[in-house]
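Asks: One structure, as structure tokens, below. Some questions next.
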Amino acid sequence: MKKILDLTQMKQKKKGTVIAVAGGPNLKKRLETLGIRKGAEVTKVSAQVMRGPIIVQVVNTQVAIGFGMAKKIIVEVEKESNIEKLAVKNEKDIITG
Amino acid sequence: MKKILLLGNPNVGKSVIFTRLTGTYVVASNYPGTTVEFTKGFMNLKGEKVEVIDVPGIYSLEPVSKAEEVAVDMLKEGDLIINVVDATKLERSLNLTLQLLKQNIPVVIALNLWDEAGHCGIIIDVAKLEKILGVPVVPTCALTGEGMHNLVLRLKEAKANTYLKRDQERWTEIGKIIQQVQKVTHRHHTFLEKLGDASIMPATGIFMAGLVLFLSFQVIRFIGESLINYVFEPAFNILWTPLMLKLSLILNPGSFLHKILIGELFKGEINYTASFGLLTTGLFVPLAMVLPYIFAFYLVLSFMEDSGYLPRLGILVDNIMHTVGLHGLAVVPMFLGLGCNVPGVLATRILEGKRERFIALTLMAIAIPCTAQIALIVGLIGKYGAFGLGIVFGTLFIVWLVLGLLLNLILKGESPEIFVEIPPYRWPYLSVLLKKLWLRTADFILHGVPWVLFGVFLVNILYTFRVIKFIGQITSPVITGVFGLPEETVAALMMGFLRKDIAVGMLLPLNLTMPQSIVACVVLAMYFPCLATFAMMIRELGVKDTVKSIFIMLVAVLIVGTTLNLILSRLS
């Protein structure tokens with residue numbers, strides 16, 4: 001299952017793929033310079049309180065993005081089904097022994 | 001003369017490479033946008049003198065900001081480009097590299113931060129990359145100097161126009177190159193990375209910010225006070241005073257030269273804060289009262305800059321900054337302004353638009369006292385304890401906030417959003433940090449101290465010709481009537497146009513009451529920037545906007561000075 005969200009709605013520590021930037025060419029170019037473009041994989045690191053900046057990891061760079069700008073970045077995330085959650089849990093159990 | 005341009009993304013180490021090539025030191029820090037001006041230097045290339053230009057960092061040649069436009073213009077003048085690339089961020093850096101390879105100017109690539117890439121588990125096939133791009137690629141570690149010799153040797157192999165694919169396919173091309181030359185091995189999060197994440201999580205981040213600021217304050221205070229109490233004051237009292245007393249005898253107290261050089265004696269003794277001679281107060285104030293704090297402040301600031309903490313602090317306070325029409329990154333000029341407003345003014349160039357720069361400059365000039373001024377305010381008000389200092393700095397903070405809110409409401413437009421790369425935490429490199437600290441301290445000694453001496457000289461002359469008494473009488477309705485200060489403070493206020501530290505210093509012998517001291521300090525901090533800052537503001541804002549800014553200052557100081565006087569005189 002896949003789910004379409006913007007960056008502000010994404011959960012912390014989740015990974016997603018950028019599928020669109022809902023903005024003009026200038027915004028697109030600006031985001032592109034730090035690697036945020038269609039097809040890029042982003043991981044949300046944190047979000048500041050009260051509509052503060054969103055911090056994402058792109059490749060091995062962390063980028064802070066203002067809330068309004070982050071709202072225009074549309075990402076697709078895997079929706080965790082129960083089976084997947086269980087799989088993750090099992091994996092952890094195996095690692096921790 | 002041939003010109004070599006240093007071009008690359010922000011915060012990849014261009015300035016460090018520049019220093020290595022030319023021997024000309026420029027300030028380098030660990031955040032994007034340290035270099036806001038072109039710096040030129042020279043190097044010797046096989047007997048030929050060539051010019052090297054350190055260009056502010058850019059992400060792309062398709063300009064989206066003013067800084068990038070200027071950098072692109074610079075391109076026309078270059079004969080050779082050293083494209084500095086961050087080896088840990090090859091993919092992103094190649095966006096600029098591929099554009100540079102089409103500019104008809106020979107290019108050499110310095111693959112900088114090579115050691116860090118190794119630590120990050122990134123392996124780059126340099127030979128293959130060189131083959132694909134068609135220009136020399138030299139791994140370097142500018143901080144330690146590794147690879148620099150090789151870089152210089154290979155400048156002659158530079159080539160132009162080696163990669164002429166269409167712009168539309170650039171990112172696809174980059175993807176293909178990365179697949180061929182780069183391998184990333186998995187590794188666990190390092191301690192620094194975990195610390196990095198913790199400092200930008202809201203809960204832990206705000207706690208850490210509080211801790212960092214508190215510790216910084218304590219360290220600055222401890223170093224500053226220790227240097228004053230155990231080094232500079234004893235040095236003056238034990239070594240300098242006997243010399244001055246001998247000189248006093250030779251010059252004969254009462255002579256004009258004695259007045260200028262030594263100043264007044266009190267019961268036959270020199271009083272370093274009140275005598276007001278060039279060789280007594282003129283040296284004691286900048287060297288024994290200000291210099292220790294300048295040293296301590298820049299030590300802490302350099303640490304914050306080089307570790308990479310400053311932009312993280314900016315992200316945490318982004319919300320507060322938006323209420324005054326700025327965004328989080330504006331903490332950088334504000335912090336630099338706390339050291340000295342002059343570099344602070346220059347650093348506002350990292351902000352996007354004219355509106356933000358106007359707000360930032362006006363707020364800085366009005367409500368951010370520099371370290372030199374703070375040192376003297378502490379000297380004057382410190383005896384009343386935290387209460388007095390709290391009122392002075394609390395008032396300035398409220399002014400900063402309220403004025404920012406008002407400017408944000410009144411000025412057309414809205415504040416742009418933060419969009420910035422967060423640099424990785426790095427352990428500051430000691431020799432670089434010390435060099436920067438020395439440069440900034442030396443700057444105060446070379447450029448600050450002469451102004452203090454000139455100011456002391458000027459005040460003596462003006463006193464002798466009774467100019468100050470005259471101006472004091474004219475301005476007394478405002479100074480005495482509105483601010484509740486004695487007429488003599490006019491001399492300090494006049495000096496404040498020139499330099500703020502010695503201006504506050506002139507209040508020391510006046511025996512002001514606590515409310516008067518507080519009002520005088522706040523008024524002195526707010527009413528006008530010092531001459532050096534004023535000149536810088538005109539350069540950065542233009543005459544028209546500077547006049548506007550000064551007008552805001554004068555209105556603000558009248559309101560705040562009056563209010564403070566009313567409240568404090570009622571309290572006591």
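Every chain in the structure tokens has a letter given in the order shown (A, B, ...), and although residue numbers restart at 1 in each chain, ligands are simply numbered from 1 in the order shown.
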Define the interface residues of chain A facing chain B as those within 9 Å, counting only C-alpha atoms, and report them as a PyMOL selection string.
Replies: chain A and resi 26-27+29-35+45-53+55+59-69
Asks: Please identify the strand (DSSP E or B) residues within range 87-210 of chain B (assignment by DSSP from backbone atoms) and present them as a ChimeraX atom specification.
Replies: /B:107-112,122-124,137-139,141,146,159,182-184
Asks: Since we have the selection now, will you write its residues out, keeping N, CA and C atoms, as an mmCIF file, in the first residue's frame?
Replies:
data_model
loop_
_atom_site.group_PDB
_atom_site.id
_atom_site.type_symbol
_atom_site.label_atom_id
_atom_site.label_comp_id
_atom_site.auth_asym_id
_atom_site.auth_seq_id
_atom_site.Cartn_x
_atom_site.Cartn_y
_atom_site.Cartn_z
ATOM 1 N N VAL B 107 39.109 23.701 -16.435
ATOM 2 C CA VAL B 107 38.689 23.342 -15.080
ATOM 3 C C VAL B 107 39.601 22.262 -14.496
ATOM 4 N N VAL B 108 39.894 22.403 -13.188
ATOM 5 C CA VAL B 108 40.520 21.330 -12.419
ATOM 6 C C VAL B 108 39.618 21.080 -11.218
ATOM 7 N N ILE B 109 39.451 19.803 -10.866
ATOM 8 C CA ILE B 109 38.565 19.526 -9.732
ATOM 9 C C ILE B 109 39.366 19.134 -8.500
ATOM 10 N N ALA B 110 39.098 19.823 -7.390
ATOM 11 C CA ALA B 110 39.691 19.427 -6.108
ATOM 12 C C ALA B 110 38.627 18.665 -5.337
ATOM 13 N N LEU B 111 38.889 17.385 -5.114
ATOM 14 C CA LEU B 111 37.929 16.548 -4.401
ATOM 15 C C LEU B 111 38.235 16.670 -2.911
ATOM 16 N N ASN B 112 37.682 17.714 -2.310
ATOM 17 C CA ASN B 112 38.058 18.068 -0.940
ATOM 18 C C ASN B 112 37.295 17.232 0.097
ATOM 19 N N ILE B 122 32.555 6.261 2.209
ATOM 20 C CA ILE B 122 32.323 6.546 0.790
ATOM 21 C C ILE B 122 33.614 6.301 0.019
ATOM 22 N N ILE B 123 33.522 5.447 -0.993
ATOM 23 C CA ILE B 123 34.710 5.146 -1.792
ATOM 24 C C ILE B 123 34.481 5.673 -3.203
ATOM 25 N N ILE B 124 35.384 6.529 -3.674
ATOM 26 C CA ILE B 124 35.245 7.110 -5.007
ATOM 27 C C ILE B 124 36.402 6.668 -5.885
ATOM 28 N N VAL B 137 41.169 15.307 -11.594
ATOM 29 C CA VAL B 137 40.447 15.272 -10.324
ATOM 30 C C VAL B 137 41.468 14.939 -9.233
ATOM 31 N N VAL B 138 41.670 15.863 -8.289
ATOM 32 C CA VAL B 138 42.707 15.669 -7.278
ATOM 33 C C VAL B 138 42.085 15.577 -5.883
ATOM 34 N N PRO B 139 42.229 14.427 -5.215
ATOM 35 C CA PRO B 139 41.725 14.347 -3.841
ATOM 36 C C PRO B 139 42.538 15.268 -2.933
ATOM 37 N N CYS B 141 42.756 17.302 1.142
ATOM 38 C CA CYS B 141 42.237 17.569 2.476
ATOM 39 C C CYS B 141 42.863 18.885 2.884
ATOM 40 N N GLU B 146 46.947 18.052 2.754
ATOM 41 C CA GLU B 146 47.192 16.896 1.889
ATOM 42 C C GLU B 146 46.617 17.128 0.499
ATOM 43 N N LYS B 159 41.351 21.458 -18.545
ATOM 44 C CA LYS B 159 40.733 21.482 -19.875
ATOM 45 C C LYS B 159 39.329 22.089 -19.796
ATOM 46 N N GLN B 182 31.096 5.660 -7.511
ATOM 47 C CA GLN B 182 30.980 5.744 -6.057
ATOM 48 C C GLN B 182 30.396 4.495 -5.421
ATOM 49 N N LYS B 183 31.022 4.066 -4.314
ATOM 50 C CA LYS B 183 30.490 2.975 -3.523
ATOM 51 C C LYS B 183 30.303 3.461 -2.104
ATOM 52 N N VAL B 184 29.180 3.158 -1.516
ATOM 53 C CA VAL B 184 28.974 3.554 -0.130
ATOM 54 C C VAL B 184 28.838 2.303 0.717
#
Asks: As a PDB file with C-alpha atoms, in the first residue's frame, which residues of range 83-270 of chain B does DSSP assign to helix (DSSP H, G or I)?
Replies:
ATOM      1  CA  ALA B  87      33.769  14.281  -1.648  1.00  0.00           C
ATOM      2  CA  THR B  88      31.091  13.304   0.865  1.00  0.00           C
ATOM      3  CA  LYS B  89      28.422  14.921  -1.335  1.00  0.00           C
ATOM      4  CA  LEU B  90      29.634  14.083  -4.797  1.00  0.00           C
ATOM      5  CA  GLU B  91      26.203  13.596  -6.361  1.00  0.00           C
ATOM      6  CA  ARG B  92      24.933  17.024  -5.442  1.00  0.00           C
ATOM      7  CA  SER B  93      28.217  18.751  -6.247  1.00  0.00           C
ATOM      8  CA  LEU B  94      28.313  17.334  -9.767  1.00  0.00           C
ATOM      9  CA  ASN B  95      25.302  19.490 -10.659  1.00  0.00           C
ATOM     10  CA  LEU B  96      27.557  22.553 -10.567  1.00  0.00           C
ATOM     11  CA  THR B  97      30.571  20.703 -11.963  1.00  0.00           C
ATOM     12  CA  LEU B  98      28.762  19.608 -15.132  1.00  0.00           C
ATOM     13  CA  GLN B  99      27.645  23.199 -15.691  1.00  0.00           C
ATOM     14  CA  LEU B 100      31.175  24.513 -15.193  1.00  0.00           C
ATOM     15  CA  TRP B 114      38.660  13.352   1.088  1.00  0.00           C
ATOM     16  CA  ASP B 115      39.511  12.094   4.572  1.00  0.00           C
ATOM     17  CA  GLU B 116      35.971  12.685   5.797  1.00  0.00           C
ATOM     18  CA  ALA B 117      34.554  10.736   2.849  1.00  0.00           C
ATOM     19  CA  GLY B 118      36.735   7.822   3.934  1.00  0.00           C
ATOM     20  CA  HIS B 119      35.379   8.032   7.471  1.00  0.00           C
ATOM     21  CA  VAL B 126      39.085   8.904  -8.846  1.00  0.00           C
ATOM     22  CA  ALA B 127      40.700   7.562 -12.032  1.00  0.00           C
ATOM     23  CA  LYS B 128      37.319   6.628 -13.465  1.00  0.00           C
ATOM     24  CA  LEU B 129      35.789   9.974 -12.520  1.00  0.00           C
ATOM     25  CA  GLU B 130      38.691  11.733 -14.222  1.00  0.00           C
ATOM     26  CA  LYS B 131      38.127   9.693 -17.363  1.00  0.00           C
ATOM     27  CA  ILE B 132      34.388  10.410 -17.472  1.00  0.00           C
ATOM     28  CA  LEU B 133      34.715  14.141 -16.816  1.00  0.00           C
ATOM     29  CA  MET B 148      47.483  20.600  -2.247  1.00  0.00           C
ATOM     30  CA  HIS B 149      50.886  20.161  -3.864  1.00  0.00           C
ATOM     31  CA  ASN B 150      49.422  17.722  -6.355  1.00  0.00           C
ATOM     32  CA  LEU B 151      46.563  20.113  -7.089  1.00  0.00           C
ATOM     33  CA  VAL B 152      48.969  22.908  -7.987  1.00  0.00           C
ATOM     34  CA  LEU B 153      51.079  20.565 -10.134  1.00  0.00           C
ATOM     35  CA  ARG B 154      48.064  19.497 -12.153  1.00  0.00           C
ATOM     36  CA  LEU B 155      46.688  22.977 -12.847  1.00  0.00           C
ATOM     37  CA  LYS B 156      48.453  22.896 -16.212  1.00  0.00           C
ATOM     38  CA  GLU B 157      46.371  19.889 -17.300  1.00  0.00           C
ATOM     39  CA  ASP B 167      21.015  20.461 -19.489  1.00  0.00           C
ATOM     40  CA  GLN B 168      17.682  18.671 -19.319  1.00  0.00           C
ATOM     41  CA  GLU B 169      19.387  15.339 -18.838  1.00  0.00           C
ATOM     42  CA  ARG B 170      21.836  16.578 -16.228  1.00  0.00           C
ATOM     43  CA  TRP B 171      20.421  14.749 -13.220  1.00  0.00           C
ATOM     44  CA  THR B 172      20.115  11.500 -15.164  1.00  0.00           C
ATOM     45  CA  GLU B 173      23.726  11.896 -16.251  1.00  0.00           C
ATOM     46  CA  ILE B 174      24.779  12.531 -12.664  1.00  0.00           C
ATOM     47  CA  GLY B 175      22.967   9.397 -11.584  1.00  0.00           C
ATOM     48  CA  LYS B 176      24.881   7.349 -14.170  1.00  0.00           C
ATOM     49  CA  ILE B 177      28.250   8.823 -13.145  1.00  0.00           C
ATOM     50  CA  ILE B 178      27.596   8.167  -9.455  1.00  0.00           C
ATOM     51  CA  GLN B 179      26.724   4.538 -10.193  1.00  0.00           C
ATOM     52  CA  GLN B 180      30.032   4.067 -11.931  1.00  0.00           C
ATOM     53  CA  VAL B 181      32.418   5.805  -9.559  1.00  0.00           C
ATOM     54  CA  PHE B 191      28.486   9.709  18.256  1.00  0.00           C
ATOM     55  CA  LEU B 192      28.667  13.070  16.476  1.00  0.00           C
ATOM     56  CA  GLU B 193      25.743  12.136  14.227  1.00  0.00           C
ATOM     57  CA  LYS B 194      23.621  11.096  17.186  1.00  0.00           C
ATOM     58  CA  LEU B 195      24.502  14.356  18.897  1.00  0.00           C
ATOM     59  CA  GLY B 196      23.635  16.142  15.662  1.00  0.00           C
ATOM     60  CA  ASP B 197      20.189  14.554  15.540  1.00  0.00           C
ATOM     61  CA  ALA B 198      19.532  15.262  19.217  1.00  0.00           C
ATOM     62  CA  PRO B 202      12.466  19.986  19.462  1.00  0.00           C
ATOM     63  CA  ALA B 203      12.584  18.589  23.002  1.00  0.00           C
ATOM     64  CA  THR B 204      16.271  17.745  23.339  1.00  0.00           C
ATOM     65  CA  GLY B 205      17.298  20.552  20.991  1.00  0.00           C
ATOM     66  CA  ILE B 206      15.871  23.382  23.069  1.00  0.00           C
ATOM     67  CA  PHE B 207      17.358  21.900  26.224  1.00  0.00           C
ATOM     68  CA  MET B 208      20.748  21.616  24.526  1.00  0.00           C
ATOM     69  CA  ALA B 209      20.524  25.152  23.158  1.00  0.00           C
ATOM     70  CA  GLY B 210      19.874  26.464  26.654  1.00  0.00           C
ATOM     71  CA  LEU B 211      22.803  24.491  27.978  1.00  0.00           C
ATOM     72  CA  VAL B 212      25.142  25.638  25.178  1.00  0.00           C
ATOM     73  CA  LEU B 213      24.236  29.295  25.645  1.00  0.00           C
ATOM     74  CA  PHE B 214      24.522  29.081  29.428  1.00  0.00           C
ATOM     75  CA  LEU B 215      27.913  27.359  29.232  1.00  0.00           C
ATOM     76  CA  SER B 216      29.133  29.830  26.595  1.00  0.00           C
ATOM     77  CA  PHE B 217      28.168  32.704  28.859  1.00  0.00           C
ATOM     78  CA  GLN B 218      29.920  31.148  31.852  1.00  0.00           C
ATOM     79  CA  VAL B 219      33.070  30.362  29.870  1.00  0.00           C
ATOM     80  CA  ILE B 220      33.266  33.883  28.439  1.00  0.00           C
ATOM     81  CA  ARG B 221      32.775  35.369  31.894  1.00  0.00           C
ATOM     82  CA  PHE B 222      35.295  33.057  33.521  1.00  0.00           C
ATOM     83  CA  ILE B 223      38.025  33.641  30.922  1.00  0.00           C
ATOM     84  CA  GLY B 224      37.349  37.377  30.689  1.00  0.00           C
ATOM     85  CA  GLU B 225      37.342  37.962  34.458  1.00  0.00           C
ATOM     86  CA  SER B 226      40.357  35.750  35.067  1.00  0.00           C
ATOM     87  CA  LEU B 227      42.411  37.531  32.422  1.00  0.00           C
ATOM     88  CA  ILE B 228      41.462  40.908  33.860  1.00  0.00           C
ATOM     89  CA  ASN B 229      41.988  40.044  37.529  1.00  0.00           C
ATOM     90  CA  TYR B 230      45.115  37.932  37.246  1.00  0.00           C
ATOM     91  CA  VAL B 231      46.884  39.247  34.148  1.00  0.00           C
ATOM     92  CA  PHE B 232      45.970  42.671  32.822  1.00  0.00           C
ATOM     93  CA  GLU B 233      45.123  44.656  35.963  1.00  0.00           C
ATOM     94  CA  PRO B 234      48.202  43.437  37.872  1.00  0.00           C
ATOM     95  CA  ALA B 235      50.330  44.120  34.784  1.00  0.00           C
ATOM     96  CA  PHE B 236      49.093  47.702  34.640  1.00  0.00           C
ATOM     97  CA  ASN B 237      49.378  48.266  38.397  1.00  0.00           C
ATOM     98  CA  ILE B 238      52.769  46.686  38.896  1.00  0.00           C
ATOM     99  CA  LEU B 239      54.583  47.446  35.647  1.00  0.00           C
ATOM    100  CA  TRP B 240      52.905  50.406  33.997  1.00  0.00           C
ATOM    101  CA  THR B 241      51.980  52.653  36.945  1.00  0.00           C
ATOM    102  CA  PRO B 242      55.574  53.327  38.166  1.00  0.00           C
ATOM    103  CA  LEU B 243      56.584  54.219  34.605  1.00  0.00           C
ATOM    104  CA  MET B 244      53.685  56.607  34.268  1.00  0.00           C
ATOM    105  CA  LEU B 245      54.422  58.268  37.612  1.00  0.00           C
ATOM    106  CA  LYS B 246      58.000  58.876  36.504  1.00  0.00           C
ATOM    107  CA  LEU B 247      56.775  60.320  33.215  1.00  0.00           C
ATOM    108  CA  SER B 248      54.364  62.485  35.181  1.00  0.00           C
ATOM    109  CA  LEU B 249      57.244  64.035  37.132  1.00  0.00           C
ATOM    110  CA  ILE B 250      59.168  64.735  33.947  1.00  0.00           C
ATOM    111  CA  LEU B 251      56.193  66.306  32.202  1.00  0.00           C
ATOM    112  CA  PHE B 256      49.214  70.558  28.455  1.00  0.00           C
ATOM    113  CA  LEU B 257      51.247  67.525  27.388  1.00  0.00           C
ATOM    114  CA  HIS B 258      50.722  65.969  30.835  1.00  0.00           C
ATOM    115  CA  LYS B 259      46.990  66.445  30.452  1.00  0.00           C
ATOM    116  CA  ILE B 260      46.963  64.751  27.036  1.00  0.00           C
ATOM    117  CA  LEU B 261      49.293  61.843  27.864  1.00  0.00           C
TER     118      LEU B 261
END
Asks: When you look at range 481-485 of chain B with a cut-off of 9 Å (counting only C-alpha atoms), what residues show up, excluding the ones that are within fewer than 4 positions of it in the same chain? I need them as a PyMOL selection string.
Replies: chain B and resi 476-477+489-490+512+515-517+519-520+523+558+561-566+569
Asks: Can you pull out the residues contacting Val42 in chain A? Cut-off 8 Å, using only C-alpha atoms, and skip same-chain residues under 5 positions away; I want them as a ChimeraX atom specification.
Replies: /A:15-18,36,56-59
Asks: For the residues in that selection, give me C-alpha atoms as a short mmCIF file (atom, residue, chain, number, x, y, z; two decimals), in the first residue's frame.
Replies:
data_model
loop_
_atom_site.label_atom_id
_atom_site.label_comp_id
_atom_site.auth_asym_id
_atom_site.auth_seq_id
_atom_site.Cartn_x
_atom_site.Cartn_y
_atom_site.Cartn_z
CA LYS A 15 11.38 7.27 4.37
CA GLY A 16 9.59 8.48 1.25
CA THR A 17 10.11 9.30 -2.39
CA VAL A 18 9.50 12.77 -3.75
CA ILE A 36 15.33 17.50 -3.45
CA VAL A 56 15.07 15.81 6.12
CA GLN A 57 17.98 13.65 5.13
CA VAL A 58 18.70 13.48 1.39
CA VAL A 59 21.50 11.07 0.45
#
Asks: What does the distance between CA of Val70 in chain B and CA of Asn30 in chain B come to in Å, to one decimal place?
Replies: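 Answer for the CA of Val70 in chain B to CA of Asn30 in chain B separation: 22.5 Å.
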Asks: What's around Asp545 in chain B at 8 Å? Count only C-alpha atoms, leave out sequence neighbours fewer than 4 positions away in its own chain, and write the answer as JSON, numbers by chain.
Replies: {"B": [358, 541, 549]}
Asks: Please compute the CA of Pro25 in chain A-CA of Arg357 in chain B distance, one decimal, in Å.
Replies: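 Here the two named atoms are 24.9 Å from each other.
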Asks: Excluding same-chain residues fewer than 2 positions from Phe444 in chain B, what lies within 12 Å of it counting only C-alpha atoms, as a VMD selection string?
Replies: chain B and resid 286 to 287 290 to 295 298 339 to 340 342 to 343 370 to 372 437 to 442 446 to 452 501
Asks: Put those residues in a file: N, CA and C atoms, as an mmCIF file, in the first residue's frame.
Replies:
data_model
loop_
_atom_site.group_PDB
_atom_site.id
_atom_site.type_symbol
_atom_site.label_atom_id
_atom_site.label_comp_id
_atom_site.auth_asym_id
_atom_site.auth_seq_id
_atom_site.Cartn_x
_atom_site.Cartn_y
_atom_site.Cartn_z
ATOM 1 N N PRO B 286 40.855 49.858 26.486
ATOM 2 C CA PRO B 286 40.824 48.809 25.452
ATOM 3 C C PRO B 286 41.611 47.558 25.819
ATOM 4 N N LEU B 287 42.757 47.697 26.488
ATOM 5 C CA LEU B 287 43.600 46.526 26.714
ATOM 6 C C LEU B 287 43.212 45.736 27.958
ATOM 7 N N VAL B 290 38.574 45.609 27.772
ATOM 8 C CA VAL B 290 37.849 45.064 26.615
ATOM 9 C C VAL B 290 38.530 43.823 26.029
ATOM 10 N N LEU B 291 39.821 43.921 25.796
ATOM 11 C CA LEU B 291 40.533 42.832 25.114
ATOM 12 C C LEU B 291 40.286 41.443 25.716
ATOM 13 N N PRO B 292 40.317 41.292 27.049
ATOM 14 C CA PRO B 292 40.075 39.951 27.604
ATOM 15 C C PRO B 292 38.719 39.372 27.192
ATOM 16 N N TYR B 293 37.702 40.239 27.149
ATOM 17 C CA TYR B 293 36.370 39.750 26.754
ATOM 18 C C TYR B 293 36.292 39.480 25.255
ATOM 19 N N ILE B 294 36.980 40.302 24.462
ATOM 20 C CA ILE B 294 37.019 40.064 23.009
ATOM 21 C C ILE B 294 37.615 38.680 22.751
ATOM 22 N N PHE B 295 38.728 38.426 23.424
ATOM 23 C CA PHE B 295 39.402 37.137 23.275
ATOM 24 C C PHE B 295 38.467 35.997 23.679
ATOM 25 N N TYR B 298 35.372 35.570 21.191
ATOM 26 C CA TYR B 298 35.686 34.982 19.902
ATOM 27 C C TYR B 298 36.157 33.533 20.022
ATOM 28 N N GLY B 339 29.874 40.217 18.704
ATOM 29 C CA GLY B 339 31.315 40.396 18.799
ATOM 30 C C GLY B 339 31.678 41.806 18.395
ATOM 31 N N CYS B 340 31.267 42.161 17.174
ATOM 32 C CA CYS B 340 31.496 43.501 16.650
ATOM 33 C C CYS B 340 30.455 43.685 15.560
ATOM 34 N N VAL B 342 30.487 45.447 12.931
ATOM 35 C CA VAL B 342 30.975 45.592 11.552
ATOM 36 C C VAL B 342 30.917 44.269 10.765
ATOM 37 N N PRO B 343 31.541 43.193 11.243
ATOM 38 C CA PRO B 343 31.369 41.924 10.517
ATOM 39 C C PRO B 343 29.926 41.421 10.557
ATOM 40 N N CYS B 370 28.025 45.471 21.049
ATOM 41 C CA CYS B 370 29.181 44.625 20.749
ATOM 42 C C CYS B 370 29.894 44.237 22.043
ATOM 43 N N THR B 371 30.813 43.287 21.927
ATOM 44 C CA THR B 371 31.517 42.805 23.120
ATOM 45 C C THR B 371 32.254 43.931 23.852
ATOM 46 N N ALA B 372 32.878 44.829 23.092
ATOM 47 C CA ALA B 372 33.623 45.925 23.717
ATOM 48 C C ALA B 372 32.697 46.756 24.597
ATOM 49 N N LEU B 437 40.963 33.040 15.755
ATOM 50 C CA LEU B 437 40.889 33.781 17.013
ATOM 51 C C LEU B 437 41.933 34.889 17.031
ATOM 52 N N TRP B 438 43.137 34.548 16.600
ATOM 53 C CA TRP B 438 44.211 35.528 16.568
ATOM 54 C C TRP B 438 43.873 36.669 15.614
ATOM 55 N N LEU B 439 43.333 36.303 14.425
ATOM 56 C CA LEU B 439 43.005 37.318 13.423
ATOM 57 C C LEU B 439 41.989 38.318 13.948
ATOM 58 N N ARG B 440 40.963 37.785 14.643
ATOM 59 C CA ARG B 440 39.903 38.660 15.143
ATOM 60 C C ARG B 440 40.391 39.512 16.306
ATOM 61 N N THR B 441 41.238 38.936 17.164
ATOM 62 C CA THR B 441 41.780 39.699 18.285
ATOM 63 C C THR B 441 42.711 40.787 17.760
ATOM 64 N N ALA B 442 43.542 40.404 16.786
ATOM 65 C CA ALA B 442 44.468 41.368 16.199
ATOM 66 C C ALA B 442 43.698 42.494 15.527
ATOM 67 N N LEU B 446 44.444 46.348 16.160
ATOM 68 C CA LEU B 446 44.890 47.211 15.070
ATOM 69 C C LEU B 446 43.859 48.262 14.680
ATOM 70 N N HIS B 447 42.570 47.884 14.715
ATOM 71 C CA HIS B 447 41.546 48.820 14.237
ATOM 72 C C HIS B 447 40.725 49.439 15.350
ATOM 73 N N GLY B 448 40.614 48.764 16.495
ATOM 74 C CA GLY B 448 39.821 49.308 17.593
ATOM 75 C C GLY B 448 40.614 50.261 18.461
ATOM 76 N N VAL B 449 41.780 49.807 18.925
ATOM 77 C CA VAL B 449 42.570 50.603 19.872
ATOM 78 C C VAL B 449 42.930 52.000 19.338
ATOM 79 N N PRO B 450 43.385 52.136 18.079
ATOM 80 C CA PRO B 450 43.689 53.487 17.591
ATOM 81 C C PRO B 450 42.492 54.442 17.673
ATOM 82 N N TRP B 451 41.286 53.908 17.405
ATOM 83 C CA TRP B 451 40.101 54.759 17.494
ATOM 84 C C TRP B 451 39.849 55.210 18.927
ATOM 85 N N VAL B 452 40.097 54.305 19.886
ATOM 86 C CA VAL B 452 39.933 54.677 21.291
ATOM 87 C C VAL B 452 40.909 55.797 21.634
ATOM 88 N N ASP B 501 32.790 51.627 23.369
ATOM 89 C CA ASP B 501 33.406 51.149 24.618
ATOM 90 C C ASP B 501 33.921 52.311 25.456
#
Asks: Near Ala503 in chain B, within 6 Å and counting only C-alpha atoms, which residues show up once chain neighbours fewer than 5 positions away are dropped, as a list in words?
Replies: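 Within the cut-off, the hits are Ala492, Met495 and Gly496 of chain B.
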